[in-house]
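Coordinates as given in final26.cif (mmCIF, C-alpha atoms and all ligand atoms):
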```
data_structure
#
loop_
_atom_site.label_atom_id
_atom_site.label_comp_id
_atom_site.auth_asym_id
_atom_site.auth_seq_id
_atom_site.Cartn_x
_atom_site.Cartn_y
_atom_site.Cartn_z
CA THR A 1 2.85 -169.51 74.83
CA LYS A 2 5.93 -167.48 75.70
CA THR A 3 8.52 -168.73 78.16
CA LEU A 4 10.46 -166.22 80.19
CA GLY A 5 13.56 -166.63 82.32
CA ILE A 6 13.97 -164.46 85.39
CA LEU A 7 17.07 -163.71 87.48
CA THR A 8 18.22 -161.36 90.23
CA ALA A 9 21.85 -160.19 90.09
CA GLY A 10 24.23 -157.90 91.97
CA GLY A 11 23.78 -157.04 95.64
CA ASP A 12 20.37 -158.01 97.02
CA CYS A 13 17.90 -155.50 98.45
CA PRO A 14 14.43 -155.28 99.96
CA GLY A 15 11.75 -155.42 97.25
CA LEU A 16 13.32 -158.06 94.99
CA ASN A 17 10.71 -160.65 95.92
CA ALA A 18 7.89 -158.13 95.47
CA ALA A 19 9.24 -157.43 91.97
CA ILE A 20 9.60 -161.16 91.16
CA ARG A 21 5.98 -161.65 92.28
CA GLY A 22 4.86 -158.69 90.15
CA VAL A 23 6.58 -159.98 87.01
CA CYS A 24 5.45 -163.58 87.54
CA ARG A 25 1.84 -162.89 88.52
CA ALA A 26 1.28 -160.64 85.52
CA ALA A 27 3.25 -162.84 83.09
CA HIS A 28 1.66 -166.10 84.24
CA ASP A 29 -1.83 -165.21 85.41
CA ARG A 30 -2.56 -162.34 83.04
CA TYR A 31 -0.57 -163.27 79.94
CA GLY A 32 -0.35 -167.09 80.30
CA MET A 33 3.45 -167.31 80.06
CA ASN A 34 5.69 -170.06 81.44
CA ILE A 35 8.36 -168.94 83.88
CA ILE A 36 11.80 -170.36 84.51
CA GLY A 37 13.61 -169.13 87.62
CA ILE A 38 17.36 -168.82 87.25
CA ALA A 39 19.47 -169.30 90.41
CA ASN A 40 22.11 -166.83 91.63
CA GLY A 41 22.04 -164.20 88.90
CA TYR A 42 24.05 -164.75 85.74
CA SER A 43 25.88 -167.70 87.39
CA GLY A 44 22.74 -169.82 87.06
CA LEU A 45 22.53 -169.04 83.36
CA ILE A 46 26.15 -170.12 82.90
CA THR A 47 25.81 -173.37 84.85
CA GLY A 48 22.20 -174.08 83.84
CA ASP A 49 20.92 -173.92 87.43
CA THR A 50 17.24 -173.27 86.70
CA ARG A 51 13.76 -174.43 87.72
CA LEU A 52 10.21 -174.05 86.53
CA LEU A 53 8.36 -171.55 88.74
CA LYS A 54 4.78 -172.45 89.66
CA PRO A 55 2.24 -169.97 91.10
CA GLU A 56 2.86 -171.30 94.61
CA ASP A 57 6.55 -170.37 94.22
CA PHE A 58 5.75 -166.68 93.77
CA SER A 59 2.95 -166.54 96.29
CA GLY A 60 3.45 -165.24 99.84
CA ILE A 61 6.76 -163.55 99.02
CA LEU A 62 5.64 -159.91 98.71
CA THR A 63 6.92 -158.86 102.11
CA GLN A 64 10.03 -161.05 102.26
CA GLY A 65 13.52 -159.53 102.18
CA GLY A 66 16.33 -160.90 99.99
CA THR A 67 15.53 -162.87 96.84
CA ILE A 68 14.01 -166.33 96.48
CA LEU A 69 16.17 -166.82 93.38
CA GLY A 70 19.53 -166.03 95.02
CA ALA A 71 21.98 -163.46 93.67
CA SER A 72 25.63 -163.17 92.66
CA ARG A 73 28.01 -160.59 91.24
CA GLU A 74 28.93 -162.74 88.23
CA LYS A 75 29.81 -160.50 85.26
CA PRO A 76 30.08 -162.72 82.18
CA PHE A 77 31.31 -159.92 79.92
CA LYS A 78 34.19 -158.88 82.15
CA ASP A 79 37.27 -158.73 79.93
CA TYR A 80 35.24 -159.90 76.95
CA HIS A 81 35.95 -157.88 73.85
CA PRO A 82 34.13 -159.30 70.82
CA GLU A 83 35.92 -156.88 68.50
CA ASN A 84 39.29 -158.54 69.18
CA GLY A 85 38.11 -162.08 69.52
CA GLY A 86 37.40 -161.78 73.23
CA ASN A 87 39.04 -163.46 76.14
CA GLU A 88 38.65 -167.24 75.72
CA TRP A 89 37.62 -168.04 79.26
CA GLU A 90 35.16 -165.16 79.61
CA SER A 91 33.62 -165.62 76.18
CA ASP A 92 32.97 -169.24 77.18
CA LYS A 93 30.62 -167.83 79.80
CA VAL A 94 28.71 -165.82 77.21
CA ALA A 95 28.50 -168.90 75.00
CA ALA A 96 27.22 -170.93 77.97
CA ILE A 97 24.54 -168.30 78.67
CA LYS A 98 23.35 -168.43 75.05
CA GLU A 99 23.34 -172.22 75.18
CA THR A 100 21.19 -172.27 78.35
CA TYR A 101 18.85 -169.60 76.95
CA HIS A 102 18.24 -171.58 73.77
CA SER A 103 18.11 -175.05 75.32
CA LEU A 104 15.45 -173.86 77.79
CA GLY A 105 13.49 -172.48 74.84
CA LEU A 106 13.36 -169.01 76.39
CA ASP A 107 11.62 -166.24 74.46
CA CYS A 108 12.93 -163.58 76.81
CA LEU A 109 14.98 -162.91 79.88
CA VAL A 110 14.04 -160.56 82.73
CA VAL A 111 17.00 -159.23 84.72
CA LEU A 112 16.48 -157.52 88.07
CA GLY A 113 19.51 -155.57 89.16
CA GLY A 114 21.64 -152.47 89.32
CA ASN A 115 24.09 -150.89 86.92
CA GLY A 116 26.18 -154.02 86.37
CA THR A 117 23.14 -156.22 85.83
CA ASN A 118 21.45 -153.90 83.34
CA THR A 119 24.76 -153.37 81.51
CA THR A 120 25.16 -157.14 81.13
CA GLY A 121 21.51 -157.32 80.07
CA TYR A 122 22.23 -154.77 77.34
CA GLN A 123 25.29 -156.71 76.17
CA LEU A 124 23.26 -159.94 76.01
CA PHE A 125 20.57 -158.09 74.05
CA ARG A 126 23.25 -157.03 71.58
CA GLU A 127 24.29 -160.67 71.35
CA GLY A 128 20.76 -161.52 70.19
CA LEU A 129 18.87 -162.41 73.41
CA ASN A 130 15.53 -160.77 74.23
CA VAL A 131 16.15 -158.92 77.48
CA VAL A 132 14.08 -156.64 79.73
CA GLY A 133 15.68 -155.00 82.80
CA LEU A 134 14.32 -153.70 86.12
CA PRO A 135 16.11 -150.99 88.17
CA LYS A 136 16.94 -152.36 91.61
CA THR A 137 19.47 -150.95 94.06
CA ILE A 138 19.72 -149.33 97.45
CA ASP A 139 22.22 -146.93 95.81
CA ASN A 140 19.51 -145.29 93.61
CA ASP A 141 22.20 -144.66 91.00
CA ILE A 142 20.73 -146.05 87.76
CA VAL A 143 20.48 -143.70 84.78
CA GLY A 144 17.03 -143.61 83.14
CA THR A 145 14.77 -143.91 86.18
CA ASP A 146 13.71 -141.39 88.82
CA ARG A 147 13.96 -144.05 91.52
CA CYS A 148 15.16 -147.62 92.04
CA PHE A 149 13.41 -150.06 94.34
CA GLY A 150 15.41 -150.90 97.47
CA PHE A 151 16.40 -147.28 97.98
CA HIS A 152 13.43 -146.29 100.12
CA SER A 153 13.86 -149.25 102.49
CA ALA A 154 17.58 -148.56 102.90
CA LEU A 155 16.80 -144.88 103.47
CA SER A 156 14.46 -145.82 106.34
CA ILE A 157 17.13 -148.04 107.91
CA GLY A 158 19.78 -145.32 107.52
CA THR A 159 17.44 -142.76 109.08
CA GLU A 160 16.59 -144.99 112.03
CA ALA A 161 20.29 -145.57 112.66
CA ILE A 162 20.94 -141.80 112.68
CA ASP A 163 18.01 -141.28 115.08
CA ARG A 164 19.50 -143.83 117.47
CA LEU A 165 22.96 -142.28 117.25
CA HIS A 166 21.44 -138.88 118.00
CA THR A 167 20.31 -139.85 121.49
CA THR A 168 23.60 -141.44 122.50
CA ALA A 169 25.60 -138.59 120.91
CA GLU A 170 23.64 -136.08 122.98
CA SER A 171 24.04 -138.03 126.23
CA HIS A 172 27.81 -138.24 125.83
CA ASN A 173 28.51 -134.88 124.15
CA ARG A 174 30.18 -136.66 121.26
CA VAL A 175 30.55 -136.33 117.54
CA MET A 176 29.06 -139.42 115.93
CA VAL A 177 30.16 -140.36 112.41
CA ILE A 178 27.98 -142.82 110.52
CA GLU A 179 29.09 -144.37 107.26
CA LEU A 180 26.34 -145.40 104.87
CA MET A 181 26.49 -147.41 101.64
CA GLY A 182 25.71 -146.02 98.18
CA HIS A 183 28.70 -147.18 96.13
CA LYS A 184 30.00 -144.22 94.11
CA ALA A 185 26.88 -142.06 94.59
CA GLY A 186 25.67 -139.99 97.52
CA TRP A 187 21.90 -140.55 97.32
CA LEU A 188 21.57 -142.76 100.38
CA ALA A 189 23.77 -140.57 102.61
CA LEU A 190 22.16 -137.34 101.39
CA TYR A 191 18.56 -138.50 101.88
CA SER A 192 19.18 -140.34 105.17
CA GLY A 193 21.25 -137.39 106.37
CA VAL A 194 18.46 -134.90 105.68
CA ALA A 195 15.81 -137.24 107.12
CA GLY A 196 17.86 -137.80 110.28
CA GLY A 197 18.95 -134.18 110.68
CA GLY A 198 22.67 -134.78 110.08
CA ASP A 199 24.87 -131.76 110.91
CA VAL A 200 27.43 -132.70 108.28
CA ILE A 201 26.77 -134.82 105.16
CA LEU A 202 29.66 -135.98 102.99
CA ILE A 203 28.92 -137.36 99.52
CA PRO A 204 31.29 -138.37 96.70
CA GLU A 205 29.91 -135.66 94.43
CA ILE A 206 31.20 -132.89 96.75
CA PRO A 207 34.81 -133.55 97.85
CA TYR A 208 35.19 -132.53 101.49
CA ASP A 209 37.52 -130.13 103.24
CA ILE A 210 38.22 -131.23 106.81
CA THR A 211 38.95 -127.68 107.96
CA ALA A 212 35.47 -126.56 106.83
CA ILE A 213 33.92 -129.49 108.72
CA GLY A 214 35.96 -128.66 111.82
CA ARG A 215 34.89 -125.02 111.65
CA HIS A 216 31.23 -126.04 111.40
CA LEU A 217 31.43 -128.41 114.37
CA ILE A 218 33.25 -125.88 116.56
CA LYS A 219 30.69 -123.21 115.70
CA ARG A 220 27.93 -125.61 116.68
CA SER A 221 29.53 -126.29 120.05
CA GLN A 222 30.01 -122.53 120.62
CA LYS A 223 26.27 -122.16 120.08
CA GLY A 224 25.71 -124.67 122.87
CA LYS A 225 25.28 -127.85 120.82
CA SER A 226 27.66 -130.23 122.50
CA PHE A 227 27.10 -133.11 120.06
CA SER A 228 27.00 -133.55 116.29
CA ILE A 229 26.06 -136.15 113.69
CA VAL A 230 28.25 -136.60 110.61
CA VAL A 231 26.85 -138.75 107.80
CA VAL A 232 29.46 -140.12 105.40
CA ALA A 233 28.77 -141.91 102.11
CA GLU A 234 31.09 -144.87 101.61
CA GLY A 235 32.30 -143.25 98.38
CA ALA A 236 33.08 -139.84 99.94
CA LEU A 237 36.39 -138.22 98.96
CA SER A 238 38.58 -135.52 100.45
CA LEU A 239 39.53 -132.51 98.33
CA GLU A 240 43.05 -133.88 98.26
CA GLU A 241 41.85 -137.25 96.89
CA ALA A 242 39.63 -135.60 94.30
CA GLY A 243 42.73 -134.01 92.78
CA MET A 244 44.54 -137.34 92.46
CA GLU A 245 44.83 -139.75 89.54
CA LYS A 246 42.63 -142.84 89.98
CA LYS A 247 45.57 -145.13 90.84
CA GLU A 248 47.12 -142.70 93.29
CA ARG A 249 43.74 -142.14 94.93
CA LYS A 250 43.21 -145.87 95.36
CA LYS A 251 46.58 -146.19 97.11
CA HIS A 252 45.87 -143.17 99.31
CA ARG A 253 42.48 -144.60 100.22
CA GLU A 254 43.95 -147.99 101.13
CA LYS A 255 46.53 -146.31 103.34
CA THR A 256 44.30 -143.79 105.11
CA ALA A 257 40.80 -145.23 105.17
CA THR A 258 41.40 -148.08 107.57
CA PRO A 259 39.19 -149.88 108.27
CA SER A 260 36.92 -147.57 106.25
CA ILE A 261 36.21 -143.99 105.24
CA GLY A 262 33.90 -143.48 108.26
CA TYR A 263 36.74 -144.26 110.66
CA ARG A 264 39.11 -142.02 108.73
CA VAL A 265 36.72 -139.06 108.89
CA ALA A 266 36.22 -139.65 112.65
CA ARG A 267 39.99 -139.59 113.17
CA GLU A 268 40.35 -136.45 111.06
CA ILE A 269 37.59 -134.68 113.03
CA GLU A 270 39.20 -135.56 116.34
CA GLU A 271 42.57 -134.26 115.12
CA GLU A 272 41.00 -131.11 113.70
CA THR A 273 38.71 -130.21 116.62
CA GLY A 274 39.85 -132.16 119.66
CA MET A 275 36.23 -133.30 120.12
CA GLU A 276 35.55 -136.86 121.22
CA THR A 277 34.41 -138.68 118.08
CA ARG A 278 33.09 -142.19 117.44
CA ALA A 279 32.41 -144.01 114.17
CA THR A 280 29.72 -146.49 113.12
CA VAL A 281 29.68 -148.36 109.82
CA LEU A 282 26.13 -149.52 109.19
CA GLY A 283 27.14 -152.08 106.53
CA TYR A 284 24.85 -154.82 105.26
CA VAL A 285 22.09 -154.06 107.77
CA GLN A 286 21.07 -151.47 105.15
CA ARG A 287 20.29 -154.18 102.60
CA GLY A 288 18.55 -156.68 104.83
CA GLY A 289 14.99 -157.24 105.97
CA ILE A 290 11.52 -156.45 104.73
CA PRO A 291 10.81 -153.85 102.03
CA SER A 292 9.12 -150.57 102.94
CA ALA A 293 5.56 -149.96 101.72
CA SER A 294 6.90 -147.56 99.11
CA ASP A 295 9.38 -150.14 97.75
CA ARG A 296 6.68 -152.84 97.67
CA VAL A 297 4.51 -150.59 95.55
CA LEU A 298 7.35 -149.53 93.23
CA ALA A 299 8.71 -153.07 92.81
CA THR A 300 5.24 -154.49 92.12
CA SER A 301 4.51 -151.77 89.55
CA LEU A 302 7.88 -152.15 87.81
CA GLY A 303 7.41 -155.93 87.79
CA THR A 304 3.99 -155.82 86.17
CA ALA A 305 5.18 -153.13 83.72
CA ALA A 306 8.03 -155.48 82.70
CA ALA A 307 5.51 -158.24 82.00
CA ASP A 308 3.53 -155.77 79.82
CA LEU A 309 6.70 -155.14 77.75
CA LEU A 310 7.28 -158.89 77.36
CA ALA A 311 3.69 -159.42 76.26
CA ARG A 312 4.11 -156.70 73.63
CA GLY A 313 7.46 -158.14 72.52
CA GLU A 314 9.34 -154.95 73.39
CA TYR A 315 12.83 -156.07 74.26
CA GLY A 316 16.15 -154.34 74.91
CA ARG A 317 14.44 -152.02 77.41
CA MET A 318 14.51 -151.25 81.13
CA VAL A 319 11.27 -150.37 82.88
CA CYS A 320 11.45 -147.19 84.90
CA LEU A 321 9.60 -144.61 86.95
CA ARG A 322 9.40 -141.22 85.25
CA HIS A 323 7.32 -138.27 86.39
CA ASP A 324 5.31 -140.61 88.62
CA GLN A 325 4.40 -142.91 85.70
CA MET A 326 5.56 -146.37 84.65
CA ASP A 327 7.69 -146.02 81.54
CA SER A 328 10.66 -147.70 79.86
CA VAL A 329 13.99 -146.69 78.34
CA ASP A 330 16.39 -148.31 75.91
CA LEU A 331 18.82 -150.55 77.86
CA SER A 332 21.67 -148.59 76.29
CA GLU A 333 20.65 -145.63 78.49
CA PRO A 334 21.70 -147.09 81.87
CA ALA A 335 24.43 -149.35 80.43
CA GLY A 336 27.91 -148.55 81.69
CA LYS A 337 26.83 -145.46 83.64
CA VAL A 338 26.31 -144.29 87.21
CA ARG A 339 23.73 -141.66 88.14
CA ALA A 340 25.51 -139.31 90.50
CA VAL A 341 23.71 -136.65 92.54
CA PRO A 342 23.72 -133.58 90.27
CA GLU A 343 25.45 -130.50 91.63
CA ASP A 344 22.21 -128.51 91.43
CA HIS A 345 19.96 -131.18 92.97
CA PHE A 346 17.34 -129.65 95.25
CA MET A 347 18.28 -131.93 98.14
CA ILE A 348 21.74 -130.39 98.39
CA ASP A 349 20.15 -126.97 98.66
CA THR A 350 17.60 -128.30 101.15
CA ALA A 351 20.39 -129.68 103.35
CA ILE A 352 22.30 -126.38 103.26
CA SER A 353 19.13 -124.39 103.99
CA VAL A 354 18.54 -126.29 107.23
CA GLY A 355 22.10 -125.61 108.35
CA THR A 356 23.85 -128.82 107.26
CA CYS A 357 27.50 -128.58 106.25
CA MET A 358 28.06 -130.43 102.96
CA GLY A 359 31.79 -130.67 103.64
CA VAL A 360 32.96 -127.41 102.08
O1 LIG B 401 25.04 -151.90 95.26
C1 LIG B 401 24.62 -152.16 96.54
C2 LIG B 401 25.77 -152.18 97.50
O2 LIG B 401 25.28 -152.50 98.78
C3 LIG B 401 26.61 -150.89 97.54
O3 LIG B 401 26.00 -149.89 98.31
C4 LIG B 401 27.91 -151.40 98.09
O4 LIG B 401 28.97 -150.56 97.68
C5 LIG B 401 28.02 -152.76 97.47
O5 LIG B 401 26.71 -153.15 97.13
C6 LIG B 401 28.63 -153.81 98.34
O6 LIG B 401 28.87 -154.92 97.53
P1 LIG B 401 29.03 -156.42 98.01
O7 LIG B 401 27.66 -156.96 98.31
O8 LIG B 401 29.62 -157.12 96.83
O9 LIG B 401 29.92 -156.41 99.19
#
```
What would you get if you wrote out this structure as structure tokens?
Ligand code: F6P
Amino acid sequence: TKTLGILTAGGDCPGLNAAIRGVCRAAHDRYGMNIIGIANGYSGLITGDTRLLKPEDFSGILTQGGTILGASREKPFKDYHPENGGNEWESDKVAAIKETYHSLGLDCLVVLGGNGTNTTGYQLFREGLNVVGLPKTIDNDIVGTDRCFGFHSALSIGTEAIDRLHTTAESHNRVMVIELMGHKAGWLALYSGVAGGGDVILIPEIPYDITAIGRHLIKRSQKGKSFSIVVVAEGALSLEEAGMEKKERKKHREKTATPSIGYRVAREIEEETGMETRATVLGYVQRGGIPSASDRVLATSLGTAAADLLARGEYGRMVCLRHDQMDSVDLSEPAGKVRAVPEDHFMIDTAISVGTCMGV
């Protein structure tokens, strides 16, 4: 009988519990494995905060938001460089993880998370642990999969927020700026923006020019549209910032984007056009609540596909969705990367075709 450990790490999102249920049902009921739940991501592996999961623990959780296991942003390999002996304190964490893994008698570890989580999973695999990863994030920015669970739910929330802003924008003849999450990628802003009919969409992959945005908004008002919706990804950059060194950009961002990029863009629009502009930062609302039907299906499928890999003893892999099929990739594929929106992605063209200004 195999024993697997399961953890959820990084920011939470809708669909985590559906995925946990998928992994556990298939691993326990279909393959007869024992399951140990690890609390709060990699922290629980370091401190040994674990518990045996029984079928009743992973029953009735399909539709629940958040994660029954808890999550954290613990990164045990931060500043750990095995080639030069590593940092003492950090390498202690890796040693503690190995100790917990072996003392629990684990045969494998399933990690549900985003880029950081799967990167750590890959590093642990290289340290000799049997790891399988699942792609979870509202940011949809993991290399190796066509889609991550959590994204679709966050997209629905982003779209509903834009819909609601639309009606109040129209009543007051205002420009409404909405800032959405997405980390360094523009997927969430681009998709929500197209779904909600945003007039301007700013994503990190296309640095914006405020004069082009101003021109677009003024043209709209000349055509009789007295309101506009501007969707801004939290990672959006101005043309000026894009030309800066990383350090300089960080300083510039801290100085100008107070309290956030959404507010900065609203201020810039007002200065550029003289139009009354308001900003909304949607924040953690995007990550809360129940998963969409689509995320439930994806998370359940990825979960059961992970259990299939464990049963076959295929480790060092991340399950993924590719061409509408369950598949898997080597964990080295997503490790250390971010999947940005490609310049030639059809959604950018779609947005432009329906008259959206992409900031340039
Ligand atoms: O990765 C998910 C995400 O919500 C990003 O969109 C956002 O940049 C980040 O997490 C926020 O992180 P935290 O939960 O640590 O504040």
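Nearest residue to Ile352 (chain A), choosing from A:Ile201, A:Val23, A:Arg73, A:Asn140 and counting all atoms listed in the file: A:Ile201.
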Problem set entry | Distance in Å - CA of Thr67 (chain A) versus CA of Met318 (chain A) | 19.6 Å
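Between CA of Gly262 (chain A) and CA of Leu237 (chain A) lies a distance of 11.0 Å.
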For this session: Counting all atoms listed in the file, name the residues that have an atom within 7 Å of an atom of ligand LIG 401 (chain B); the answer should be given as a PyMOL selection string.
Result: chain A and resi 10-11+73+114+137-139+181-183+284+287
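CA of Asp12 (chain A) to CA of Ser292 (chain A) spans 14.7 Å [interatomic distance, one decimal].
Of the residues under consideration (A:Leu190, A:Cys108, A:Ala212, A:Ala71), A:Ala212 shows the shortest atom-to-atom contact distance to Cys357 (chain A) when counting only C-alpha atoms.
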Show me the residues around (27.1, -169.4, 81.6) - criterion: an atom at most 8 Å away, all atoms listed in the file counted - as a PDB file with C-alpha atoms, in the frame of the given file.
```
ATOM      1  CA  TYR A  42      24.050-164.750  85.740  1.00  0.00           C
ATOM      2  CA  SER A  43      25.880-167.700  87.390  1.00  0.00           C
ATOM      3  CA  GLY A  44      22.740-169.820  87.060  1.00  0.00           C
ATOM      4  CA  LEU A  45      22.530-169.040  83.360  1.00  0.00           C
ATOM      5  CA  ILE A  46      26.150-170.120  82.900  1.00  0.00           C
ATOM      6  CA  THR A  47      25.810-173.370  84.850  1.00  0.00           C
ATOM      7  CA  GLY A  48      22.200-174.080  83.840  1.00  0.00           C
ATOM      8  CA  PRO A  76      30.080-162.720  82.180  1.00  0.00           C
ATOM      9  CA  ASP A  92      32.970-169.240  77.180  1.00  0.00           C
ATOM     10  CA  LYS A  93      30.620-167.830  79.800  1.00  0.00           C
ATOM     11  CA  VAL A  94      28.710-165.820  77.210  1.00  0.00           C
ATOM     12  CA  ALA A  95      28.500-168.900  75.000  1.00  0.00           C
ATOM     13  CA  ALA A  96      27.220-170.930  77.970  1.00  0.00           C
ATOM     14  CA  ILE A  97      24.540-168.300  78.670  1.00  0.00           C
ATOM     15  CA  LYS A  98      23.350-168.430  75.050  1.00  0.00           C
ATOM     16  CA  GLU A  99      23.340-172.220  75.180  1.00  0.00           C
ATOM     17  CA  THR A 100      21.190-172.270  78.350  1.00  0.00           C
TER      18      THR A 100
END
```
Problem set entry | Residues within 8 Å of (27.9, -147.7, 103.1), file coords, only C-alpha atoms, listed as a ChimeraX atom specification | /A:179-183,233-235,281-283
Could you write those residues out with C-alpha atoms, as a CSV table (one decimal), in the coordinates of the input?
```csv
chain,number,residue,atom,x,y,z
A,179,GLU,CA,29.1,-144.4,107.3
A,180,LEU,CA,26.3,-145.4,104.9
A,181,MET,CA,26.5,-147.4,101.6
A,182,GLY,CA,25.7,-146.0,98.2
A,183,HIS,CA,28.7,-147.2,96.1
A,233,ALA,CA,28.8,-141.9,102.1
A,234,GLU,CA,31.1,-144.9,101.6
A,235,GLY,CA,32.3,-143.2,98.4
A,281,VAL,CA,29.7,-148.4,109.8
A,282,LEU,CA,26.1,-149.5,109.2
A,283,GLY,CA,27.1,-152.1,106.5
```
For this session: Give the answer as one residue: which of A:Lys225, A:Arg220, A:Glu205, A:Arg215 has the shortest atom-to-atom distance to Leu239 (chain A), using only C-alpha atoms?
Result: A:Glu205
Exercise. Got a sec: who's within 9 Å of region 118-123 of chain A, counting only C-alpha atoms, leaving out chain neighbours fewer than 5 positions off, as a list in words?
Worked result: Tyr42, Lys75, Pro76, Phe77, Leu109, Val110, Val111, Leu112, Gly113, Gly128, Leu129, Val131, Val132, Gly133, Leu134, Pro135, Gly316, Arg317, Met318, Asp330, Leu331, Ser332, Pro334, Ala335, Gly336 and Lys337 of chain A
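Taking only C-alpha atoms into account, Gln286 (chain A) lies nearest to A:Pro14 out of the set A:Pro207, A:Pro14, A:Gly22, A:Pro259.
The shortest atom-to-atom distance to Arg174 (chain A), with only C-alpha atoms taken into account, belongs to A:Val230 out of A:Val230, A:Ala311, A:Val200, A:Ile157.
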Exercise. What's the 9 Å shell around Met176 (chain A), counting all atoms listed in the file, without same-chain residues fewer than 2 positions away, as a list in words?
Worked result: Leu165, His166, Thr168, Ala169, Arg174, Ile178, Phe227, Ser228, Ile229, Val230, Val231, Ala266, Glu276, Thr277, Arg278, Ala279 and Thr280 of chain A
